[in-house]
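Asker: So I've got this file, target-v7.cif, and it contains mmCIF, C-alpha atoms:
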```cif
data_coords
loop_
_atom_site.group_PDB
_atom_site.id
_atom_site.type_symbol
_atom_site.label_atom_id
_atom_site.label_comp_id
_atom_site.auth_asym_id
_atom_site.auth_seq_id
_atom_site.Cartn_x
_atom_site.Cartn_y
_atom_site.Cartn_z
ATOM 1 C CA MET C 754 5.521 -25.838 -24.554
ATOM 2 C CA GLY C 755 8.779 -25.755 -26.547
ATOM 3 C CA HIS C 756 8.567 -26.949 -30.117
ATOM 4 C CA PRO C 757 5.227 -26.880 -32.017
ATOM 5 C CA VAL C 758 5.526 -30.607 -32.845
ATOM 6 C CA GLU C 759 5.687 -31.371 -29.105
ATOM 7 C CA GLY C 760 2.498 -29.351 -28.683
ATOM 8 C CA TRP C 761 0.788 -31.371 -31.422
ATOM 9 C CA TYR C 762 1.829 -34.659 -29.768
ATOM 10 C CA ALA C 763 0.496 -33.424 -26.434
ATOM 11 C CA TYR C 764 -2.787 -32.470 -28.114
ATOM 12 C CA MET C 765 -3.053 -35.890 -29.802
ATOM 13 C CA LYS C 766 -2.647 -37.591 -26.413
ATOM 14 C CA SER C 767 -5.082 -35.386 -24.505
ATOM 15 C CA HIS C 768 -7.468 -34.060 -27.207
ATOM 16 C CA ASP C 769 -7.611 -30.848 -25.172
ATOM 17 C CA HIS C 770 -8.864 -28.188 -27.595
ATOM 18 C CA GLY C 771 -7.672 -25.481 -25.200
ATOM 19 C CA ALA C 772 -4.080 -26.628 -25.690
ATOM 20 C CA LEU C 773 -4.532 -26.535 -29.461
ATOM 21 C CA ASP C 774 -6.089 -23.075 -29.227
ATOM 22 C CA ALA C 775 -3.139 -21.847 -27.158
ATOM 23 C CA MET C 776 -0.638 -23.097 -29.767
ATOM 24 C CA LEU C 777 -2.161 -21.118 -32.636
ATOM 25 C CA ALA C 778 -1.784 -17.432 -33.362
ATOM 26 C CA ASP C 779 -4.874 -15.394 -34.258
ATOM 27 C CA ASP C 780 -3.586 -14.755 -37.803
ATOM 28 C CA VAL C 781 -2.533 -18.359 -38.491
ATOM 29 C CA VAL C 782 -2.632 -19.601 -42.099
ATOM 30 C CA PHE C 783 -3.456 -23.274 -42.644
ATOM 31 C CA GLU C 784 -2.142 -24.763 -45.894
ATOM 32 C CA SER C 785 -3.038 -28.271 -46.942
ATOM 33 C CA PRO C 786 -2.468 -30.345 -50.070
ATOM 34 C CA VAL C 787 -6.119 -31.376 -49.847
ATOM 35 C CA VAL C 788 -7.674 -27.901 -49.535
ATOM 36 C CA HIS C 789 -5.795 -26.194 -52.373
ATOM 37 C CA THR C 790 -6.279 -22.641 -51.035
ATOM 38 C CA PRO C 791 -4.753 -21.256 -47.821
ATOM 39 C CA GLN C 792 -7.242 -21.085 -44.936
ATOM 40 C CA ARG C 793 -6.742 -17.936 -42.851
ATOM 41 C CA GLY C 794 -7.716 -17.504 -39.224
ATOM 42 C CA LYS C 795 -7.681 -19.351 -35.956
ATOM 43 C CA ALA C 796 -11.295 -20.591 -36.072
ATOM 44 C CA ILE C 797 -11.049 -22.442 -39.396
ATOM 45 C CA THR C 798 -7.598 -23.826 -38.526
ATOM 46 C CA LEU C 799 -8.950 -25.186 -35.224
ATOM 47 C CA LYS C 800 -11.720 -26.978 -37.137
ATOM 48 C CA TYR C 801 -9.285 -28.591 -39.592
ATOM 49 C CA LEU C 802 -6.753 -29.627 -36.948
ATOM 50 C CA GLY C 803 -9.464 -30.833 -34.560
ATOM 51 C CA ALA C 804 -10.957 -33.031 -37.287
ATOM 52 C CA ALA C 805 -7.526 -34.346 -38.236
ATOM 53 C CA GLY C 806 -6.732 -35.130 -34.611
ATOM 54 C CA SER C 807 -9.936 -37.085 -34.081
ATOM 55 C CA VAL C 808 -9.657 -39.074 -37.320
ATOM 56 C CA LEU C 809 -5.932 -39.775 -37.629
ATOM 57 C CA GLY C 810 -5.603 -41.525 -34.269
ATOM 58 C CA GLY C 811 -8.148 -44.182 -35.247
ATOM 59 C CA TYR C 812 -6.612 -44.665 -38.670
ATOM 60 C CA ALA C 813 -3.131 -45.063 -37.231
ATOM 61 C CA PHE C 814 -4.299 -47.707 -34.742
ATOM 62 C CA THR C 815 -6.240 -49.598 -37.432
ATOM 63 C CA THR C 816 -3.205 -49.509 -39.727
ATOM 64 C CA VAL C 817 -0.961 -50.980 -37.046
ATOM 65 C CA VAL C 818 -3.480 -53.745 -36.231
ATOM 66 C CA LEU C 819 -3.941 -54.549 -39.924
ATOM 67 C CA SER C 820 -0.174 -54.683 -40.467
ATOM 68 C CA VAL C 821 0.366 -57.063 -37.553
ATOM 69 C CA VAL C 822 -2.526 -59.358 -38.479
ATOM 70 C CA VAL C 823 -1.506 -59.507 -42.155
ATOM 71 C CA SER C 824 2.153 -60.122 -41.294
ATOM 72 C CA LEU C 825 1.285 -63.009 -39.004
ATOM 73 C CA GLY C 826 -1.257 -64.435 -41.447
ATOM 74 C CA VAL C 827 1.094 -64.239 -44.413
ATOM 75 C CA ALA C 828 3.900 -65.870 -42.420
ATOM 76 C CA VAL C 829 1.685 -68.734 -41.234
ATOM 77 C CA VAL C 830 -0.063 -69.414 -44.561
ATOM 78 C CA GLY C 831 3.052 -68.998 -46.715
ATOM 79 C CA THR C 832 5.206 -71.189 -44.469
ATOM 80 C CA ALA C 833 2.548 -73.891 -44.062
ATOM 81 C CA CYS C 834 1.915 -74.091 -47.810
ATOM 82 C CA ALA C 835 5.637 -74.230 -48.597
ATOM 83 C CA CYS C 836 6.214 -76.980 -46.018
ATOM 84 C CA ALA C 837 3.256 -78.991 -47.284
ATOM 85 C CA VAL C 838 4.296 -79.044 -50.939
ATOM 86 C CA THR C 839 8.045 -79.331 -50.294
ATOM 87 C CA LEU C 840 8.317 -81.813 -47.455
ATOM 88 C CA PHE C 841 5.405 -84.148 -48.215
ATOM 89 C CA ASP C 842 4.556 -86.283 -51.217
ATOM 90 C CA PHE C 843 0.859 -86.479 -52.066
ATOM 91 C CA ARG C 844 -1.334 -86.798 -55.121
ATOM 92 C CA GLY C 845 -1.593 -83.480 -56.976
ATOM 93 C CA ARG C 846 1.481 -81.979 -55.319
ATOM 94 C CA LYS C 847 2.928 -80.674 -58.600
ATOM 95 C CA GLN C 848 -0.360 -78.930 -59.412
ATOM 96 C CA TRP C 849 -0.470 -77.374 -55.928
ATOM 97 C CA GLU C 850 3.089 -76.086 -56.319
ATOM 98 C CA TRP C 851 1.891 -73.939 -59.220
ATOM 99 C CA ALA C 852 -1.654 -73.228 -57.996
ATOM 100 C CA LEU C 853 -0.281 -71.632 -54.836
ATOM 101 C CA LEU C 854 1.413 -69.018 -57.031
ATOM 102 C CA LEU C 855 -1.819 -67.932 -58.772
ATOM 103 C CA PRO C 856 -2.523 -64.979 -56.448
ATOM 104 C CA LEU C 857 0.564 -63.317 -57.922
ATOM 105 C CA ALA C 858 -1.275 -63.071 -61.245
ATOM 106 C CA MET C 859 -3.836 -60.572 -59.915
ATOM 107 C CA PRO C 860 -3.160 -57.237 -58.221
ATOM 108 C CA ALA C 861 -4.459 -56.956 -54.651
ATOM 109 C CA TYR C 862 -6.896 -54.145 -55.512
ATOM 110 C CA VAL C 863 -8.576 -56.304 -58.186
ATOM 111 C CA VAL C 864 -8.945 -59.153 -55.693
ATOM 112 C CA ALA C 865 -10.380 -56.680 -53.161
ATOM 113 C CA TYR C 866 -13.005 -55.433 -55.613
ATOM 114 C CA ALA C 867 -13.962 -58.967 -56.645
ATOM 115 C CA TYR C 868 -14.121 -60.126 -53.012
ATOM 116 C CA THR C 869 -16.293 -57.169 -52.004
ATOM 117 C CA ASP C 870 -18.621 -57.538 -54.972
ATOM 118 C CA TYR C 871 -19.016 -61.282 -54.526
ATOM 119 C CA LEU C 872 -19.601 -61.314 -50.763
ATOM 120 C CA GLN C 873 -21.573 -58.103 -50.156
ATOM 121 C CA PHE C 874 -25.265 -58.189 -49.207
ATOM 122 C CA SER C 875 -26.458 -57.980 -52.828
ATOM 123 C CA GLY C 876 -23.626 -60.144 -54.182
ATOM 124 C CA PRO C 877 -24.056 -63.613 -55.666
ATOM 125 C CA ALA C 878 -22.836 -65.505 -52.567
ATOM 126 C CA GLN C 879 -25.343 -64.006 -50.138
ATOM 127 C CA THR C 880 -28.136 -63.946 -52.707
ATOM 128 C CA TRP C 881 -27.663 -67.661 -53.383
ATOM 129 C CA LEU C 882 -27.453 -68.536 -49.673
ATOM 130 C CA ARG C 883 -30.658 -66.616 -48.923
ATOM 131 C CA SER C 884 -32.578 -68.218 -51.784
ATOM 132 C CA ALA C 885 -31.205 -71.742 -51.278
ATOM 133 C CA PHE C 886 -31.859 -71.918 -47.542
ATOM 134 C CA GLY C 887 -34.783 -69.500 -47.186
ATOM 135 C CA LEU C 888 -32.788 -67.096 -45.036
ATOM 136 C CA GLU C 889 -33.426 -63.375 -44.626
ATOM 137 C CA GLY C 890 -31.106 -60.452 -44.028
ATOM 138 C CA ARG C 891 -27.332 -60.553 -43.911
ATOM 139 C CA VAL C 892 -26.010 -64.115 -44.067
ATOM 140 C CA LEU C 893 -22.253 -63.496 -44.055
ATOM 141 C CA PRO C 894 -20.238 -61.044 -41.937
ATOM 142 C CA GLU C 895 -19.613 -57.526 -43.229
ATOM 143 C CA VAL C 896 -16.949 -57.715 -45.924
ATOM 144 C CA ARG C 897 -15.830 -54.086 -45.643
ATOM 145 C CA SER C 898 -14.106 -54.554 -42.307
ATOM 146 C CA LEU C 899 -10.700 -54.975 -40.730
ATOM 147 C CA GLY C 900 -11.048 -58.760 -40.890
ATOM 148 C CA GLY C 901 -12.095 -58.635 -44.539
ATOM 149 C CA ALA C 902 -9.148 -56.421 -45.464
ATOM 150 C CA ALA C 903 -6.777 -58.727 -43.582
ATOM 151 C CA LEU C 904 -8.183 -61.769 -45.391
ATOM 152 C CA VAL C 905 -7.724 -60.164 -48.809
ATOM 153 C CA PHE C 906 -4.168 -59.072 -47.999
ATOM 154 C CA VAL C 907 -3.203 -62.498 -46.648
ATOM 155 C CA CYS C 908 -4.692 -64.266 -49.688
ATOM 156 C CA THR C 909 -2.826 -62.011 -52.115
ATOM 157 C CA LEU C 910 0.507 -61.634 -50.298
ATOM 158 C CA TYR C 911 1.271 -65.132 -48.941
ATOM 159 C CA PRO C 912 2.920 -66.280 -52.238
ATOM 160 C CA TYR C 913 5.929 -64.068 -51.520
ATOM 161 C CA VAL C 914 6.607 -65.919 -48.260
ATOM 162 C CA TYR C 915 5.681 -69.229 -49.911
ATOM 163 C CA LEU C 916 8.351 -68.742 -52.593
ATOM 164 C CA LEU C 917 11.075 -67.775 -50.124
ATOM 165 C CA VAL C 918 10.353 -70.641 -47.726
ATOM 166 C CA ARG C 919 9.973 -73.168 -50.538
ATOM 167 C CA VAL C 920 13.348 -72.246 -52.054
ATOM 168 C CA ALA C 921 14.999 -72.399 -48.640
ATOM 169 C CA LEU C 922 13.495 -75.835 -47.996
ATOM 170 C CA LEU C 923 14.474 -77.137 -51.431
ATOM 171 C CA GLU C 924 18.071 -76.043 -50.880
ATOM 172 C CA ARG C 925 18.446 -77.357 -47.350
ATOM 173 C CA ALA C 926 15.624 -79.733 -46.502
ATOM 174 C CA ALA C 927 16.957 -82.763 -48.387
ATOM 175 C CA HIS C 928 20.317 -82.603 -46.601
ATOM 176 C CA LEU C 929 18.671 -82.132 -43.225
ATOM 177 C CA MET C 930 16.237 -85.016 -43.827
ATOM 178 C CA ASP C 931 19.086 -87.327 -44.856
ATOM 179 C CA ALA C 932 21.052 -86.362 -41.769
ATOM 180 C CA ALA C 933 18.014 -86.998 -39.569
ATOM 181 C CA ARG C 934 17.459 -90.426 -41.149
ATOM 182 C CA LEU C 935 21.127 -91.346 -40.592
ATOM 183 C CA MET C 936 20.713 -90.421 -36.952
ATOM 184 C CA GLY C 937 17.718 -92.740 -36.561
ATOM 185 C CA ALA C 938 14.692 -90.498 -37.173
ATOM 186 C CA SER C 939 11.847 -92.142 -39.019
#
```
Could you spell out this file's structure in structure tokens?
Answerer:
Amino acid sequence: MGHPVEGWYAYMKSHDHGALDAMLADDVVFESPVVHTPQRGKAITLKYLGAAGSVLGGYAFTTVVLSVVVSLGVAVVGTACACAVTLFDFRGRKQWEWALLLPLAMPAYVVAYAYTDYLQFSGPAQTWLRSAFGLEGRVLPEVRSLGGAALVFVCTLYPYVYLLVRVALLERAAHLMDAARLMGAS
């Protein structure tokens, strides 16, 4: 194996501890920002790198999935909300224009804590549902999950897309609608 980074990539693909063992010298020193003292020796280094290899792969995949789901959700919700309040006239539209910006007033981590506290097993939502309907056990899905994180991110980040799409529609939509009406669209 040529470069040590290539060896690490090969190990991450195969999870072959023999390959990792072959890459390391007997007197290797493992330094980490987490473990503030240098760890000396092949055995302890194998334990740290083996644990990192088994954990980091799952985290990387979950991060990619979360990023894709949140990006799609934010694009759909932000665009739909902007189209609704910009292109249509309905009662309460002016209030909705401002209400859709309210998530910008709270940081995402505060929303995440409130969401988790409110919807967890011992939170007010599930407690009320169990007492009101005589249910037992978990009533709502687990809130500390990939879906829960995606929901919180979408609910706190869609206003950025909403603002951009709304401004674009306000600048161009009136001209395009007039042109469409002149061409016979109803």
Asker: If you count all atoms listed in the file, which residues fall within 9 Å of stretch 864-879 of chain C, apart from same-chain ones fewer than 3 positions away, as a ChimeraX atom specification?
Answerer: /C:856,859-861,882-884,890-897,901-902,905-906,908-909
Asker: So that I can see what lies close to C:Trp761, please list as a compact mmCIF listing (two decimals) with C-alpha atoms, in the coordinates of the input the residues with an atom at most 12 Å from it, counting all atoms listed in the file and leaving out residues fewer than 2 positions away in the same chain.
Answerer:
```
# COMPACT_ATOMS: atom_id res chain seq x y z
CA MET C 754 5.52 -25.84 -24.55
CA GLY C 755 8.78 -25.76 -26.55
CA HIS C 756 8.57 -26.95 -30.12
CA PRO C 757 5.23 -26.88 -32.02
CA VAL C 758 5.53 -30.61 -32.84
CA GLU C 759 5.69 -31.37 -29.10
CA ALA C 763 0.50 -33.42 -26.43
CA TYR C 764 -2.79 -32.47 -28.11
CA MET C 765 -3.05 -35.89 -29.80
CA LYS C 766 -2.65 -37.59 -26.41
CA SER C 767 -5.08 -35.39 -24.50
CA HIS C 768 -7.47 -34.06 -27.21
CA ASP C 769 -7.61 -30.85 -25.17
CA HIS C 770 -8.86 -28.19 -27.60
CA ALA C 772 -4.08 -26.63 -25.69
CA LEU C 773 -4.53 -26.54 -29.46
CA ASP C 774 -6.09 -23.08 -29.23
CA ALA C 775 -3.14 -21.85 -27.16
CA MET C 776 -0.64 -23.10 -29.77
CA LEU C 777 -2.16 -21.12 -32.64
CA LEU C 802 -6.75 -29.63 -36.95
CA GLY C 803 -9.46 -30.83 -34.56
CA ALA C 805 -7.53 -34.35 -38.24
CA GLY C 806 -6.73 -35.13 -34.61
```
Asker: When the PyMOL selection byres ((chain C and resi 918) around 10) is applied to the structure above, which residues does it catch, written out as a PyMOL selection string?
Answerer: chain C and resi 828+831-836+839+912-917+919-924
Asker: Let me see the file: selected residues, C-alpha atoms, as an mmCIF file, in the frame of the given file.
Answerer:
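See selection29.cif below for the written result:
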```cif
data_model
loop_
_atom_site.group_PDB
_atom_site.id
_atom_site.type_symbol
_atom_site.label_atom_id
_atom_site.label_comp_id
_atom_site.auth_asym_id
_atom_site.auth_seq_id
_atom_site.Cartn_x
_atom_site.Cartn_y
_atom_site.Cartn_z
ATOM 1 C CA ALA C 828 3.900 -65.870 -42.420
ATOM 2 C CA GLY C 831 3.052 -68.998 -46.715
ATOM 3 C CA THR C 832 5.206 -71.189 -44.469
ATOM 4 C CA ALA C 833 2.548 -73.891 -44.062
ATOM 5 C CA CYS C 834 1.915 -74.091 -47.810
ATOM 6 C CA ALA C 835 5.637 -74.230 -48.597
ATOM 7 C CA CYS C 836 6.214 -76.980 -46.018
ATOM 8 C CA THR C 839 8.045 -79.331 -50.294
ATOM 9 C CA PRO C 912 2.920 -66.280 -52.238
ATOM 10 C CA TYR C 913 5.929 -64.068 -51.520
ATOM 11 C CA VAL C 914 6.607 -65.919 -48.260
ATOM 12 C CA TYR C 915 5.681 -69.229 -49.911
ATOM 13 C CA LEU C 916 8.351 -68.742 -52.593
ATOM 14 C CA LEU C 917 11.075 -67.775 -50.124
ATOM 15 C CA ARG C 919 9.973 -73.168 -50.538
ATOM 16 C CA VAL C 920 13.348 -72.246 -52.054
ATOM 17 C CA ALA C 921 14.999 -72.399 -48.640
ATOM 18 C CA LEU C 922 13.495 -75.835 -47.996
ATOM 19 C CA LEU C 923 14.474 -77.137 -51.431
ATOM 20 C CA GLU C 924 18.071 -76.043 -50.880
#
```
Asker: Could you state the separation of atom CA of C:Glu850 and atom CA of C:Ala903 in Å, given to one decimal place?
Answerer: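 The value is 23.7 Å.
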Asker: So the first atom is atom CA of C:Ser824 and the second is atom CA of C:Val808; what is the distance between them in Å, to one decimal place?
Answerer: 24.5 Å
Asker: Distance atom CA of C:Gly771-atom CA of C:Val787, one decimal place?
Answerer: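 Computing the Euclidean distance for atom CA of C:Gly771 and atom CA of C:Val787 yields 25.4 Å.
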Asker: The centre and edge lengths of an axis-aligned box containing all atoms of stretch 786-803 of chain C present in the file, extended by 6 Å on each side, are to be given in Å to one decimal, as lines of an AutoDock Vina configuration file.
Answerer:
```
center_x = -7.1
center_y = -24.4
center_z = -43.5
size_x = 21.3
size_y = 25.9
size_z = 29.8
```
Asker: Find the spatial neighbours of C:Leu825, counting only C-alpha atoms, within a cut-off of 9 Å - ignore same-chain residues fewer than 5 positions away - and output them as a list in words.
Answerer: Ser820, Val830 and Val907 of chain C
Asker: Between C:Met930, C:Leu910, C:Ala938, C:Val817, which has the minimum distance to C:Leu855 (counting all atoms listed in the file)?
Answerer: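 The shortest atom-to-atom distance to C:Leu855 comes from C:Leu910.
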Asker: Model the absent atoms of stretch 787-811 of chain C so that N, CA, C and O atoms are present, and write the result as a PDB file, in the frame of the given file.
Answerer:
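File produced: selection-v5.pdb:
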```
ATOM      1  N   VAL C 787      -4.745 -30.956 -49.531  1.00  0.00           N
ATOM      2  CA  VAL C 787      -6.119 -31.376 -49.847  1.00  0.00           C
ATOM      3  C   VAL C 787      -6.996 -30.175 -50.171  1.00  0.00           C
ATOM      4  O   VAL C 787      -7.798 -30.193 -51.090  1.00  0.00           O
ATOM      5  N   VAL C 788      -6.853 -29.099 -49.363  1.00  0.00           N
ATOM      6  CA  VAL C 788      -7.674 -27.901 -49.535  1.00  0.00           C
ATOM      7  C   VAL C 788      -6.874 -26.912 -50.360  1.00  0.00           C
ATOM      8  O   VAL C 788      -6.464 -26.048 -49.905  1.00  0.00           O
ATOM      9  N   HIS C 789      -6.779 -26.879 -51.532  1.00  0.00           N
ATOM     10  CA  HIS C 789      -5.795 -26.194 -52.373  1.00  0.00           C
ATOM     11  C   HIS C 789      -5.634 -24.689 -52.144  1.00  0.00           C
ATOM     12  O   HIS C 789      -4.764 -24.086 -52.734  1.00  0.00           O
ATOM     13  N   THR C 790      -6.443 -24.066 -51.319  1.00  0.00           N
ATOM     14  CA  THR C 790      -6.279 -22.641 -51.035  1.00  0.00           C
ATOM     15  C   THR C 790      -5.944 -22.460 -49.556  1.00  0.00           C
ATOM     16  O   THR C 790      -6.460 -23.186 -48.712  1.00  0.00           O
ATOM     17  N   PRO C 791      -5.099 -21.498 -49.230  1.00  0.00           N
ATOM     18  CA  PRO C 791      -4.753 -21.256 -47.821  1.00  0.00           C
ATOM     19  C   PRO C 791      -5.994 -20.844 -47.022  1.00  0.00           C
ATOM     20  O   PRO C 791      -6.793 -20.033 -47.479  1.00  0.00           O
ATOM     21  N   GLN C 792      -6.137 -21.423 -45.831  1.00  0.00           N
ATOM     22  CA  GLN C 792      -7.242 -21.085 -44.936  1.00  0.00           C
ATOM     23  C   GLN C 792      -6.699 -20.149 -43.872  1.00  0.00           C
ATOM     24  O   GLN C 792      -5.767 -20.501 -43.154  1.00  0.00           O
ATOM     25  N   ARG C 793      -7.269 -18.960 -43.749  1.00  0.00           N
ATOM     26  CA  ARG C 793      -6.742 -17.936 -42.851  1.00  0.00           C
ATOM     27  C   ARG C 793      -7.632 -17.812 -41.617  1.00  0.00           C
ATOM     28  O   ARG C 793      -8.846 -17.817 -41.720  1.00  0.00           O
ATOM     29  N   GLY C 794      -6.997 -17.739 -40.470  1.00  0.00           N
ATOM     30  CA  GLY C 794      -7.716 -17.504 -39.224  1.00  0.00           C
ATOM     31  C   GLY C 794      -7.660 -18.692 -38.285  1.00  0.00           C
ATOM     32  O   GLY C 794      -7.518 -19.846 -38.688  1.00  0.00           O
ATOM     33  N   LYS C 795      -7.793 -18.350 -37.004  1.00  0.00           N
ATOM     34  CA  LYS C 795      -7.681 -19.351 -35.956  1.00  0.00           C
ATOM     35  C   LYS C 795      -8.882 -20.297 -35.939  1.00  0.00           C
ATOM     36  O   LYS C 795      -8.740 -21.509 -35.750  1.00  0.00           O
ATOM     37  N   ALA C 796     -10.076 -19.776 -36.177  1.00  0.00           N
ATOM     38  CA  ALA C 796     -11.295 -20.591 -36.072  1.00  0.00           C
ATOM     39  C   ALA C 796     -11.304 -21.725 -37.102  1.00  0.00           C
ATOM     40  O   ALA C 796     -11.556 -22.891 -36.756  1.00  0.00           O
ATOM     41  N   ILE C 797     -11.026 -21.409 -38.357  1.00  0.00           N
ATOM     42  CA  ILE C 797     -11.049 -22.442 -39.396  1.00  0.00           C
ATOM     43  C   ILE C 797      -9.905 -23.424 -39.204  1.00  0.00           C
ATOM     44  O   ILE C 797     -10.049 -24.633 -39.430  1.00  0.00           O
ATOM     45  N   THR C 798      -8.744 -22.942 -38.771  1.00  0.00           N
ATOM     46  CA  THR C 798      -7.598 -23.826 -38.526  1.00  0.00           C
ATOM     47  C   THR C 798      -7.900 -24.790 -37.386  1.00  0.00           C
ATOM     48  O   THR C 798      -7.544 -25.974 -37.453  1.00  0.00           O
ATOM     49  N   LEU C 799      -8.556 -24.306 -36.326  1.00  0.00           N
ATOM     50  CA  LEU C 799      -8.950 -25.186 -35.224  1.00  0.00           C
ATOM     51  C   LEU C 799      -9.889 -26.285 -35.711  1.00  0.00           C
ATOM     52  O   LEU C 799      -9.781 -27.439 -35.282  1.00  0.00           O
ATOM     53  N   LYS C 800     -10.792 -25.963 -36.609  1.00  0.00           N
ATOM     54  CA  LYS C 800     -11.720 -26.978 -37.137  1.00  0.00           C
ATOM     55  C   LYS C 800     -10.961 -28.050 -37.919  1.00  0.00           C
ATOM     56  O   LYS C 800     -11.197 -29.242 -37.744  1.00  0.00           O
ATOM     57  N   TYR C 801     -10.046 -27.622 -38.795  1.00  0.00           N
ATOM     58  CA  TYR C 801      -9.285 -28.591 -39.592  1.00  0.00           C
ATOM     59  C   TYR C 801      -8.403 -29.471 -38.706  1.00  0.00           C
ATOM     60  O   TYR C 801      -8.378 -30.691 -38.850  1.00  0.00           O
ATOM     61  N   LEU C 802      -7.663 -28.858 -37.797  1.00  0.00           N
ATOM     62  CA  LEU C 802      -6.753 -29.627 -36.948  1.00  0.00           C
ATOM     63  C   LEU C 802      -7.509 -30.501 -35.951  1.00  0.00           C
ATOM     64  O   LEU C 802      -7.077 -31.612 -35.637  1.00  0.00           O
ATOM     65  N   GLY C 803      -8.646 -30.013 -35.457  1.00  0.00           N
ATOM     66  CA  GLY C 803      -9.464 -30.833 -34.560  1.00  0.00           C
ATOM     67  C   GLY C 803      -9.999 -32.062 -35.268  1.00  0.00           C
ATOM     68  O   GLY C 803      -9.995 -33.174 -34.721  1.00  0.00           O
ATOM     69  N   ALA C 804     -10.470 -31.884 -36.510  1.00  0.00           N
ATOM     70  CA  ALA C 804     -10.957 -33.031 -37.287  1.00  0.00           C
ATOM     71  C   ALA C 804      -9.828 -34.004 -37.588  1.00  0.00           C
ATOM     72  O   ALA C 804      -9.991 -35.223 -37.471  1.00  0.00           O
ATOM     73  N   ALA C 805      -8.668 -33.476 -37.945  1.00  0.00           N
ATOM     74  CA  ALA C 805      -7.526 -34.346 -38.236  1.00  0.00           C
ATOM     75  C   ALA C 805      -7.112 -35.118 -36.991  1.00  0.00           C
ATOM     76  O   ALA C 805      -6.816 -36.314 -37.057  1.00  0.00           O
ATOM     77  N   GLY C 806      -7.112 -34.470 -35.843  1.00  0.00           N
ATOM     78  CA  GLY C 806      -6.732 -35.130 -34.611  1.00  0.00           C
ATOM     79  C   GLY C 806      -7.686 -36.243 -34.220  1.00  0.00           C
ATOM     80  O   GLY C 806      -7.269 -37.286 -33.717  1.00  0.00           O
ATOM     81  N   SER C 807      -8.972 -36.049 -34.466  1.00  0.00           N
ATOM     82  CA  SER C 807      -9.936 -37.085 -34.081  1.00  0.00           C
ATOM     83  C   SER C 807      -9.938 -38.255 -35.061  1.00  0.00           C
ATOM     84  O   SER C 807     -10.213 -39.383 -34.677  1.00  0.00           O
ATOM     85  N   VAL C 808      -9.620 -38.014 -36.314  1.00  0.00           N
ATOM     86  CA  VAL C 808      -9.657 -39.074 -37.320  1.00  0.00           C
ATOM     87  C   VAL C 808      -8.338 -39.838 -37.408  1.00  0.00           C
ATOM     88  O   VAL C 808      -8.318 -41.065 -37.489  1.00  0.00           O
ATOM     89  N   LEU C 809      -7.222 -39.137 -37.390  1.00  0.00           N
ATOM     90  CA  LEU C 809      -5.932 -39.775 -37.629  1.00  0.00           C
ATOM     91  C   LEU C 809      -5.554 -40.795 -36.568  1.00  0.00           C
ATOM     92  O   LEU C 809      -4.918 -41.797 -36.879  1.00  0.00           O
ATOM     93  N   GLY C 810      -5.926 -40.566 -35.324  1.00  0.00           N
ATOM     94  CA  GLY C 810      -5.603 -41.525 -34.269  1.00  0.00           C
ATOM     95  C   GLY C 810      -6.218 -42.885 -34.533  1.00  0.00           C
ATOM     96  O   GLY C 810      -5.560 -43.922 -34.410  1.00  0.00           O
ATOM     97  N   GLY C 811      -7.476 -42.914 -34.931  1.00  0.00           N
ATOM     98  CA  GLY C 811      -8.148 -44.182 -35.247  1.00  0.00           C
ATOM     99  C   GLY C 811      -7.544 -44.860 -36.461  1.00  0.00           C
ATOM    100  O   GLY C 811      -7.361 -46.080 -36.478  1.00  0.00           O
TER     101      GLY C 811
END
```
